[in-house]
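Shown here: input_35.cif, mmCIF, C-alpha atoms.
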```cif
data_start
#
loop_
_atom_site.group_PDB
_atom_site.id
_atom_site.type_symbol
_atom_site.label_atom_id
_atom_site.label_comp_id
_atom_site.auth_asym_id
_atom_site.auth_seq_id
_atom_site.Cartn_x
_atom_site.Cartn_y
_atom_site.Cartn_z
ATOM 1 C CA MET A 1 9.397 -13.833 13.439
ATOM 2 C CA ASN A 2 6.137 -15.100 11.964
ATOM 3 C CA HIS A 3 2.590 -14.863 13.178
ATOM 4 C CA ASP A 4 -0.788 -16.549 12.828
ATOM 5 C CA VAL A 5 -3.024 -13.708 14.060
ATOM 6 C CA SER A 6 -1.283 -10.839 12.368
ATOM 7 C CA ILE A 7 -4.385 -8.661 11.864
ATOM 8 C CA ALA A 8 -4.320 -8.003 15.617
ATOM 9 C CA ARG A 9 -1.786 -5.205 15.121
ATOM 10 C CA GLN A 10 -3.967 -3.478 12.521
ATOM 11 C CA LEU A 11 -7.048 -3.805 14.744
ATOM 12 C CA ALA A 12 -5.112 -2.350 17.674
ATOM 13 C CA LEU A 13 -4.130 0.587 15.466
ATOM 14 C CA LEU A 14 -7.738 1.328 14.520
ATOM 15 C CA LYS A 15 -8.748 1.232 18.175
ATOM 16 C CA SER A 16 -5.912 3.552 19.197
ATOM 17 C CA LEU A 17 -6.895 6.053 16.504
ATOM 18 C CA GLU A 18 -10.587 6.217 17.436
ATOM 19 C CA GLY A 19 -10.055 9.275 19.601
ATOM 20 C CA LYS A 20 -7.758 10.896 17.072
ATOM 21 C CA GLY A 21 -9.968 10.684 13.984
ATOM 22 C CA VAL A 22 -10.898 14.349 13.935
ATOM 23 C CA ARG A 23 -7.278 15.492 14.293
ATOM 24 C CA LEU A 24 -6.080 13.119 11.572
ATOM 25 C CA ALA A 25 -8.859 14.220 9.201
ATOM 26 C CA SER A 26 -7.906 17.834 9.855
ATOM 27 C CA GLU A 27 -4.279 17.038 9.024
ATOM 28 C CA MET A 28 -5.340 15.526 5.711
ATOM 29 C CA LEU A 29 -7.445 18.588 4.825
ATOM 30 C CA LYS A 30 -4.493 20.862 5.571
ATOM 31 C CA GLU A 31 -2.085 18.820 3.434
ATOM 32 C CA GLY A 32 -2.460 20.996 0.341
ATOM 33 C CA ALA A 33 -1.836 24.235 2.227
ATOM 34 C CA ALA A 34 1.071 22.735 4.153
ATOM 35 C CA GLY A 35 2.648 21.489 0.941
ATOM 36 C CA GLN A 36 2.448 24.969 -0.535
ATOM 37 C CA GLU A 37 3.983 26.455 2.609
ATOM 38 C CA ALA A 38 6.823 23.938 2.458
ATOM 39 C CA ALA A 39 7.514 24.820 -1.166
ATOM 40 C CA GLN A 40 7.554 28.540 -0.431
ATOM 41 C CA GLY A 41 9.335 28.635 2.889
ATOM 42 C CA GLY A 42 11.517 25.544 2.747
ATOM 43 C CA LYS A 43 9.690 23.997 5.708
ATOM 44 C CA ARG A 44 9.282 20.243 5.907
ATOM 45 C CA ARG A 45 6.259 18.438 7.302
ATOM 46 C CA ARG A 46 7.019 15.853 9.962
ATOM 47 C CA MET A 47 5.049 12.641 10.083
ATOM 48 C CA ILE A 48 2.898 12.081 13.156
ATOM 49 C CA PRO A 49 4.771 10.670 16.165
ATOM 50 C CA LEU A 50 5.298 6.930 15.858
ATOM 51 C CA SER A 51 3.712 6.516 19.283
ATOM 52 C CA ASP A 52 0.355 7.309 17.637
ATOM 53 C CA LEU A 53 0.753 4.080 15.690
ATOM 54 C CA PHE A 54 2.649 1.981 18.240
ATOM 55 C CA PRO A 55 1.999 2.747 21.937
ATOM 56 C CA GLU A 56 5.133 0.754 22.795
ATOM 57 C CA ALA A 57 7.389 2.851 20.542
ATOM 58 C CA GLU A 58 10.320 4.597 22.262
ATOM 59 C CA ARG A 59 11.780 7.855 20.940
ATOM 60 C CA LEU A 60 15.449 7.231 21.660
ATOM 61 C CA GLU A 61 17.058 10.415 20.333
ATOM 62 C CA GLU A 62 16.271 13.560 18.390
ATOM 63 C CA ARG A 63 18.255 15.806 16.072
ATOM 64 C CA ASP A 64 16.996 18.911 14.239
ATOM 65 C CA GLY A 65 13.415 17.879 14.934
ATOM 66 C CA ALA A 66 13.936 14.389 13.496
ATOM 67 C CA GLY A 67 13.722 11.366 15.759
ATOM 68 C CA LEU A 68 15.127 7.866 16.124
ATOM 69 C CA TRP A 69 12.533 5.373 17.363
ATOM 70 C CA ARG A 70 12.627 1.791 18.567
ATOM 71 C CA VAL A 71 9.714 -0.646 18.562
ATOM 72 C CA ARG A 72 10.438 -3.811 20.546
ATOM 73 C CA THR A 73 8.488 -7.051 20.179
ATOM 74 C CA GLU A 74 9.108 -10.108 22.336
ATOM 75 C CA ALA A 75 7.700 -13.570 21.673
ATOM 76 C CA ALA A 76 8.044 -16.818 23.595
ATOM 77 C CA THR A 77 9.703 -19.495 21.463
ATOM 78 C CA ASP A 78 7.059 -22.058 22.459
ATOM 79 C CA GLY A 79 4.734 -20.587 19.849
ATOM 80 C CA ARG A 80 2.361 -18.658 22.135
ATOM 81 C CA PRO A 81 1.118 -15.542 20.274
ATOM 82 C CA THR A 82 1.977 -12.097 21.579
ATOM 83 C CA ARG A 83 -0.535 -9.287 22.119
ATOM 84 C CA GLN A 84 0.247 -8.100 18.596
ATOM 85 C CA GLY A 85 -0.456 -11.575 17.203
ATOM 86 C CA TYR A 86 3.122 -12.705 16.517
ATOM 87 C CA ALA A 87 4.294 -16.221 17.283
ATOM 88 C CA CYS A 88 7.795 -17.717 17.258
ATOM 89 C CA PRO A 89 7.706 -21.521 16.822
ATOM 90 C CA ALA A 90 11.460 -21.986 17.240
ATOM 91 C CA GLY A 91 10.986 -24.276 20.233
ATOM 92 C CA ALA A 92 9.308 -26.898 18.057
ATOM 93 C CA TRP A 93 12.346 -26.812 15.751
ATOM 94 C CA GLY A 94 14.913 -27.202 18.520
ATOM 95 C CA GLY A 95 15.064 -23.657 19.908
ATOM 96 C CA ALA A 96 17.998 -21.332 19.432
ATOM 97 C CA PRO A 97 20.506 -22.603 16.847
ATOM 98 C CA ASP A 98 23.431 -24.727 17.967
ATOM 99 C CA PRO A 99 26.679 -22.950 16.927
ATOM 100 C CA ARG A 100 28.350 -26.306 16.426
ATOM 101 C CA ALA A 101 25.668 -27.301 13.929
ATOM 102 C CA LEU A 102 26.122 -23.974 12.148
ATOM 103 C CA ALA A 103 29.873 -24.540 11.973
ATOM 104 C CA SER A 104 29.251 -27.944 10.397
ATOM 105 C CA LEU A 105 26.635 -26.565 7.992
ATOM 106 C CA THR A 106 28.718 -23.640 6.780
ATOM 107 C CA GLY A 107 32.185 -25.089 7.110
ATOM 108 C CA GLU A 108 33.199 -21.951 9.048
ATOM 109 C CA ALA A 109 34.975 -22.632 12.334
ATOM 110 C CA GLY A 110 34.090 -19.135 13.526
ATOM 111 C CA TRP A 111 30.664 -20.372 14.629
ATOM 112 C CA GLU A 112 32.212 -22.781 17.134
ATOM 113 C CA GLY A 113 31.850 -21.667 20.742
ATOM 114 C CA LEU A 114 29.551 -18.720 19.986
ATOM 115 C CA ASP A 115 26.891 -17.828 22.513
ATOM 116 C CA PRO A 116 23.582 -18.264 20.584
ATOM 117 C CA GLU A 117 22.285 -15.068 22.198
ATOM 118 C CA THR A 118 24.966 -13.042 20.396
ATOM 119 C CA ILE A 119 23.710 -14.105 16.948
ATOM 120 C CA VAL A 120 21.783 -11.223 15.367
ATOM 121 C CA TYR A 121 19.091 -11.690 12.704
ATOM 122 C CA LEU A 122 19.027 -8.592 10.496
ATOM 123 C CA ASP A 123 16.634 -7.188 7.918
ATOM 124 C CA THR A 124 16.092 -3.714 6.447
ATOM 125 C CA GLU A 125 13.350 -1.700 4.778
ATOM 126 C CA THR A 126 14.655 0.893 2.357
ATOM 127 C CA THR A 127 13.697 3.860 0.199
ATOM 128 C CA GLY A 128 14.719 2.048 -2.975
ATOM 129 C CA LEU A 129 15.426 -1.394 -4.374
ATOM 130 C CA SER A 130 19.073 -0.737 -5.251
ATOM 131 C CA THR A 131 22.179 -0.576 -3.070
ATOM 132 C CA GLY A 132 23.422 2.698 -4.540
ATOM 133 C CA ALA A 133 23.925 5.961 -2.694
ATOM 134 C CA GLY A 134 20.406 7.080 -3.604
ATOM 135 C CA SER A 135 18.807 4.436 -1.356
ATOM 136 C CA CYS A 136 18.871 4.407 2.410
ATOM 137 C CA ALA A 137 17.496 2.150 5.120
ATOM 138 C CA PHE A 138 14.811 3.904 7.158
ATOM 139 C CA LEU A 139 13.904 0.802 9.193
ATOM 140 C CA ILE A 140 16.498 -1.679 10.471
ATOM 141 C CA GLY A 141 15.457 -4.723 12.463
ATOM 142 C CA LEU A 142 17.647 -6.785 14.767
ATOM 143 C CA GLY A 143 16.351 -10.038 16.225
ATOM 144 C CA ARG A 144 18.001 -12.257 18.826
ATOM 145 C CA PHE A 145 17.247 -15.126 21.175
ATOM 146 C CA ALA A 146 17.223 -14.417 24.913
ATOM 147 C CA ASP A 147 16.635 -16.259 28.191
ATOM 148 C CA ASP A 148 18.477 -19.386 27.014
ATOM 149 C CA GLY A 149 16.347 -19.518 23.906
ATOM 150 C CA GLY A 150 13.066 -18.953 25.729
ATOM 151 C CA ARG A 151 12.315 -15.611 24.014
ATOM 152 C CA PHE A 152 12.915 -14.078 20.640
ATOM 153 C CA VAL A 153 13.288 -10.293 20.765
ATOM 154 C CA VAL A 154 12.960 -8.003 17.738
ATOM 155 C CA ASP A 155 14.098 -4.375 17.885
ATOM 156 C CA GLN A 156 12.948 -2.258 14.937
ATOM 157 C CA TYR A 157 14.949 0.980 14.658
ATOM 158 C CA PHE A 158 13.141 3.664 12.659
ATOM 159 C CA MET A 159 14.083 7.172 11.534
ATOM 160 C CA ASP A 160 11.080 9.465 11.078
ATOM 161 C CA ASP A 161 13.044 11.844 8.847
ATOM 162 C CA PHE A 162 16.270 11.719 6.836
ATOM 163 C CA ALA A 163 17.911 14.101 9.295
ATOM 164 C CA ALA A 164 17.853 11.253 11.846
ATOM 165 C CA GLU A 165 20.018 8.935 9.752
ATOM 166 C CA PRO A 166 23.204 9.661 11.760
ATOM 167 C CA LEU A 167 21.327 8.593 14.900
ATOM 168 C CA LEU A 168 20.070 5.413 13.226
ATOM 169 C CA VAL A 169 23.523 4.485 11.938
ATOM 170 C CA GLU A 170 25.123 5.103 15.327
ATOM 171 C CA ALA A 171 22.555 3.027 17.247
ATOM 172 C CA VAL A 172 22.632 0.046 14.873
ATOM 173 C CA ASP A 173 26.411 0.182 14.543
ATOM 174 C CA ARG A 174 26.706 -0.070 18.321
ATOM 175 C CA GLU A 175 24.481 -3.167 18.347
ATOM 176 C CA LEU A 176 26.298 -4.864 15.471
ATOM 177 C CA ARG A 177 29.741 -4.277 16.959
ATOM 178 C CA ALA A 178 28.593 -6.154 20.076
ATOM 179 C CA ALA A 179 27.169 -9.067 18.050
ATOM 180 C CA GLY A 180 29.007 -12.342 17.625
ATOM 181 C CA ALA A 181 27.542 -13.324 14.242
ATOM 182 C CA LEU A 182 24.948 -12.293 11.691
ATOM 183 C CA VAL A 183 22.084 -14.097 9.941
ATOM 184 C CA THR A 184 20.246 -12.568 6.957
ATOM 185 C CA TYR A 185 18.153 -13.535 3.942
ATOM 186 C CA ASN A 186 19.869 -12.076 0.860
ATOM 187 C CA GLY A 187 21.962 -9.881 3.143
ATOM 188 C CA ARG A 188 25.237 -10.429 1.303
ATOM 189 C CA THR A 189 23.809 -9.076 -1.927
ATOM 190 C CA PHE A 190 21.430 -6.394 -0.660
ATOM 191 C CA ASP A 191 21.246 -5.442 3.023
ATOM 192 C CA LEU A 192 24.925 -5.289 3.947
ATOM 193 C CA PRO A 193 26.150 -3.508 0.785
ATOM 194 C CA LEU A 194 23.411 -0.904 1.260
ATOM 195 C CA LEU A 195 24.253 -0.451 4.959
ATOM 196 C CA ALA A 196 27.967 -0.210 4.170
ATOM 197 C CA ALA A 197 27.192 2.620 1.737
ATOM 198 C CA ARG A 198 25.124 4.453 4.354
ATOM 199 C CA TRP A 199 27.856 3.979 6.963
ATOM 200 C CA THR A 200 30.314 5.529 4.525
ATOM 201 C CA MET A 201 27.954 8.446 3.879
ATOM 202 C CA GLN A 202 27.947 9.055 7.640
ATOM 203 C CA ARG A 203 31.752 8.881 7.743
ATOM 204 C CA ARG A 204 31.707 5.703 9.767
ATOM 205 C CA ARG A 205 33.641 2.539 8.980
ATOM 206 C CA ALA A 206 31.374 -0.480 8.625
ATOM 207 C CA ARG A 207 32.478 -3.408 10.764
ATOM 208 C CA PHE A 208 29.762 -6.014 10.483
ATOM 209 C CA PRO A 209 29.940 -9.298 12.404
ATOM 210 C CA ASP A 210 31.787 -12.232 10.965
ATOM 211 C CA PRO A 211 30.712 -15.016 10.532
ATOM 212 C CA HIS A 212 27.660 -14.173 8.463
ATOM 213 C CA LEU A 213 25.076 -16.767 7.404
ATOM 214 C CA ASP A 214 22.966 -15.745 4.392
ATOM 215 C CA LEU A 215 20.095 -18.225 4.364
ATOM 216 C CA LEU A 216 19.048 -17.431 0.803
ATOM 217 C CA HIS A 217 22.036 -19.315 -0.608
ATOM 218 C CA TYR A 218 21.174 -22.452 1.362
ATOM 219 C CA ALA A 219 17.492 -22.163 0.434
ATOM 220 C CA ARG A 220 18.501 -22.124 -3.222
ATOM 221 C CA ARG A 221 20.656 -25.215 -2.792
ATOM 222 C CA LEU A 222 17.808 -27.110 -1.130
ATOM 223 C CA TRP A 223 14.709 -25.959 -3.003
ATOM 224 C CA ARG A 224 15.754 -24.246 -6.245
ATOM 225 C CA LEU A 225 14.355 -27.103 -8.354
ATOM 226 C CA ALA A 226 11.399 -27.910 -6.100
ATOM 227 C CA LEU A 227 9.873 -24.452 -5.566
ATOM 228 C CA PRO A 228 8.684 -21.813 -8.051
ATOM 229 C CA ASP A 229 11.170 -19.384 -6.483
ATOM 230 C CA CYS A 230 13.185 -18.958 -3.285
ATOM 231 C CA ARG A 231 11.643 -15.765 -1.947
ATOM 232 C CA LEU A 232 11.344 -15.839 1.821
ATOM 233 C CA THR A 233 7.537 -16.005 1.790
ATOM 234 C CA THR A 234 7.620 -18.876 -0.715
ATOM 235 C CA VAL A 235 10.045 -20.895 1.403
ATOM 236 C CA GLU A 236 7.972 -20.186 4.518
ATOM 237 C CA ARG A 237 4.771 -21.361 2.848
ATOM 238 C CA GLU A 238 6.004 -24.314 0.795
ATOM 239 C CA ALA A 239 8.853 -25.708 2.934
ATOM 240 C CA LEU A 240 7.956 -24.677 6.486
ATOM 241 C CA GLY A 241 4.162 -24.626 6.352
ATOM 242 C CA ILE A 242 3.960 -21.014 7.564
ATOM 243 C CA ARG A 243 1.354 -18.753 5.979
ATOM 244 C CA ARG A 244 1.246 -15.018 6.506
ATOM 245 C CA LEU A 245 -2.337 -13.923 7.059
ATOM 246 C CA SER A 246 -1.529 -10.288 6.375
ATOM 247 C CA ASP A 247 1.389 -8.991 4.383
ATOM 248 C CA MET A 248 2.232 -6.486 1.699
ATOM 249 C CA PRO A 249 4.534 -6.574 -1.345
ATOM 250 C CA GLY A 250 7.970 -5.228 -0.467
ATOM 251 C CA SER A 251 7.850 -3.080 -3.609
ATOM 252 C CA MET A 252 5.208 -0.878 -1.947
ATOM 253 C CA VAL A 253 7.371 -0.030 1.064
ATOM 254 C CA PRO A 254 9.453 2.882 -0.343
ATOM 255 C CA ALA A 255 6.399 4.823 -1.515
ATOM 256 C CA ILE A 256 4.609 4.374 1.808
ATOM 257 C CA TYR A 257 7.559 5.779 3.753
ATOM 258 C CA LEU A 258 8.094 8.722 1.424
ATOM 259 C CA GLU A 259 4.389 9.584 1.536
ATOM 260 C CA ALA A 260 4.350 9.339 5.323
ATOM 261 C CA GLN A 261 7.135 11.892 5.486
ATOM 262 C CA ARG A 262 4.803 14.306 3.710
ATOM 263 C CA GLY A 263 2.011 13.555 6.172
ATOM 264 C CA LEU A 264 0.118 11.299 3.769
ATOM 265 C CA HIS A 265 -1.432 8.127 5.207
ATOM 266 C CA PRO A 266 1.116 7.545 7.992
ATOM 267 C CA GLU A 267 -1.113 4.740 9.283
ATOM 268 C CA ARG A 268 0.152 2.612 6.387
ATOM 269 C CA LEU A 269 3.454 2.348 8.217
ATOM 270 C CA VAL A 270 1.811 -0.263 10.443
ATOM 271 C CA SER A 271 1.756 -2.661 7.498
ATOM 272 C CA VAL A 272 5.415 -1.853 6.788
ATOM 273 C CA PHE A 273 6.439 -2.663 10.372
ATOM 274 C CA ASP A 274 4.315 -5.813 10.251
ATOM 275 C CA HIS A 275 5.946 -7.001 7.004
ATOM 276 C CA HIS A 276 9.383 -6.219 8.428
ATOM 277 C CA ALA A 277 8.817 -8.055 11.718
ATOM 278 C CA GLN A 278 7.578 -11.137 9.888
ATOM 279 C CA ASP A 279 10.680 -11.165 7.700
ATOM 280 C CA ILE A 280 12.874 -11.205 10.813
#
```

What is this structure when it is put down as structure tokens?
Amino acid sequence: MNHDVSIARQLALLKSLEGKGVRLASEMLKEGAAGQEAAQGGKRRRMIPLSDLFPEAERLEERDGAGLWRVRTEAATDGRPTRQGYACPAGAWGGAPDPRALASLTGEAGWEGLDPETIVYLDTETTGLSTGAGSCAFLIGLGRFADDGGRFVVDQYFMDDFAAEPLLVEAVDRELRAAGALVTYNGRTFDLPLLAARWTMQRRRARFPDPHLDLLHYARRLWRLALPDCRLTTVEREALGIRRLSDMPGSMVPAIYLEAQRGLHPERLVSVFDHHAQDI
């Protein structure tokens, strides 16, 4: 999901925090003392509730003080911007994908006869840039078309502490088992191997949808020689004419999440969610 007025989300955040400035400043001043207390007593600071950043955020479950959240964004596929500033121009490109066209494109008969609304568009934000056991996904986004292609819905599942990972894995696993197919950008190399490792760590067998369309491979076939690179933002800008007005380098994401867990600058998570939603 891309947008043309993406600073609207950041402006909404600033407005929502106007009445909370004193409390947030106090939290920052107490950070040093709280860090010392955590080191001495084994206590862990929790980041501020996600609802302080996103009024629409839902706290789905909680375990040992850690919570699983969901932020849902819906956009009409005719390109009209949402309150947050997102726009989905899929209608101008033919709407929801035709499974028959996907079967012809990929050569995989499994796409034939699929309901387009069961195709899930997946992206993750992680604590590291590798797929090893030391990295985990703290934010998993699932997008899908609804209302016969009239809406595109993005659900961003977020764990506010590592103790909530079992809840995150369970919720996303339930959604993926119900999906008919999967679409990613570099998912075969990064997202799915990382998720499979986290599923294993939670003693759960990963059963991701098949067929799976990884758009990066097709982007490379089409534009490898014509573009400086095939990163998603480059393809959006150079091939599709879509420019992100606000975005952040993905390399900054792990540090922002880890700092937020310590109570440092949790407001920066808004930019992480914004980057993630645009990727989907």

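Taking atom CA of A:Arg144 and atom CA of A:Tyr121 as the two end points, the separation is 6.2 Å.
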
Which residues, named as in the file, does the PyMOL selection byres ((chain A and resi 77) around 6) pick out? Answer as a PyMOL selection string.
chain A and resi 76+78-79+88-91+150-151

Would you work out the distance separating atom CA of A:Asp161 from atom CA of A:Val120, expressed in Å to one decimal?
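Separation of atom CA of A:Asp161 and atom CA of A:Val120: 25.5 Å.
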
What do you get, as a list in words, if you spell out every residue that the PyMOL selection byres ((chain A and resi 142) around 8) selects here?
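On this input, the PyMOL selection byres ((chain A and resi 142) around 8) captures Val120, Tyr121, Leu122, Asp123, Ile140, Gly141, Gly143, Arg144, Val154, Asp155, Gln156 and Ile280 of chain A.
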
Name the closest residue to A:Ala277 among the candidates A:Phe152, A:Phe208, A:Trp93, A:Trp69; distances are taken between atoms, counting all atoms listed in the file.
A:Phe152

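Among the candidates A:Pro166, A:Asn186, A:Glu236, A:Asp52, the one nearest to A:Arg203 when counting all atoms listed in the file is A:Pro166.
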
In terms of the shortest atom-to-atom distance over all atoms listed in the file, which of A:Thr106, A:Ser135, A:Gln261, A:Ser271 is closest to A:Ala66?
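Nearest to A:Ala66: A:Gln261.
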
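For the pair atom CA of A:Ser251 and atom CA of A:Leu129, the interatomic distance is 7.8 Å.
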
What lies within 7 Å of stretch 112-119 of chain A using all atoms listed in the file, ignoring chain neighbours under 2 positions off, as a PDB file with C-alpha atoms, keeping the file's coordinate frame?
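Saved to out.pdb:
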```pdb
ATOM      1  CA  ALA A  96      17.998 -21.332  19.432  1.00  0.00           C
ATOM      2  CA  PRO A  97      20.506 -22.603  16.847  1.00  0.00           C
ATOM      3  CA  ASP A  98      23.431 -24.727  17.967  1.00  0.00           C
ATOM      4  CA  PRO A  99      26.679 -22.950  16.927  1.00  0.00           C
ATOM      5  CA  ARG A 100      28.350 -26.306  16.426  1.00  0.00           C
ATOM      6  CA  ALA A 103      29.873 -24.540  11.973  1.00  0.00           C
ATOM      7  CA  ALA A 109      34.975 -22.632  12.334  1.00  0.00           C
ATOM      8  CA  GLY A 110      34.090 -19.135  13.526  1.00  0.00           C
ATOM      9  CA  TYR A 121      19.091 -11.690  12.704  1.00  0.00           C
ATOM     10  CA  ARG A 144      18.001 -12.257  18.826  1.00  0.00           C
ATOM     11  CA  PHE A 145      17.247 -15.126  21.175  1.00  0.00           C
ATOM     12  CA  ALA A 146      17.223 -14.417  24.913  1.00  0.00           C
ATOM     13  CA  ALA A 179      27.169  -9.067  18.050  1.00  0.00           C
ATOM     14  CA  GLY A 180      29.007 -12.342  17.625  1.00  0.00           C
ATOM     15  CA  ALA A 181      27.542 -13.324  14.242  1.00  0.00           C
ATOM     16  CA  LEU A 182      24.948 -12.293  11.691  1.00  0.00           C
TER      17      LEU A 182
END
```

Pick the closest to A:Gly107 from A:Ala206, A:Leu195, A:Val183, A:Leu213: which is it, counting only C-alpha atoms?
A:Leu213

With the file shown as input, list the residues that the PyMOL selection byres ((chain A and resi 274) around 9) selects, as a VMD selection string.
chain A and resid 6 9 to 10 246 to 248 269 to 273 275 to 279

Anything within 10 Å of (15.3, 19.1, 15.0): list those residues as JSON, numbers by chain, counting all atoms listed in the file and sticking to the file's coordinates.
{"A": [62, 63, 64, 65, 66, 67, 161, 163, 164]}

Could you check the closest approach to A:Leu216 for each of A:Val172, A:Ala92, A:Leu232, A:Ala196 and tell me which residue wins, using all atoms listed in the file?
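For A:Leu216, the nearest of the given residues is A:Leu232.
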
Which one of A:Gly128, A:Pro228, A:Ala219, A:Leu258 sits closest to A:Leu240 if you count all atoms listed in the file?
A:Ala219
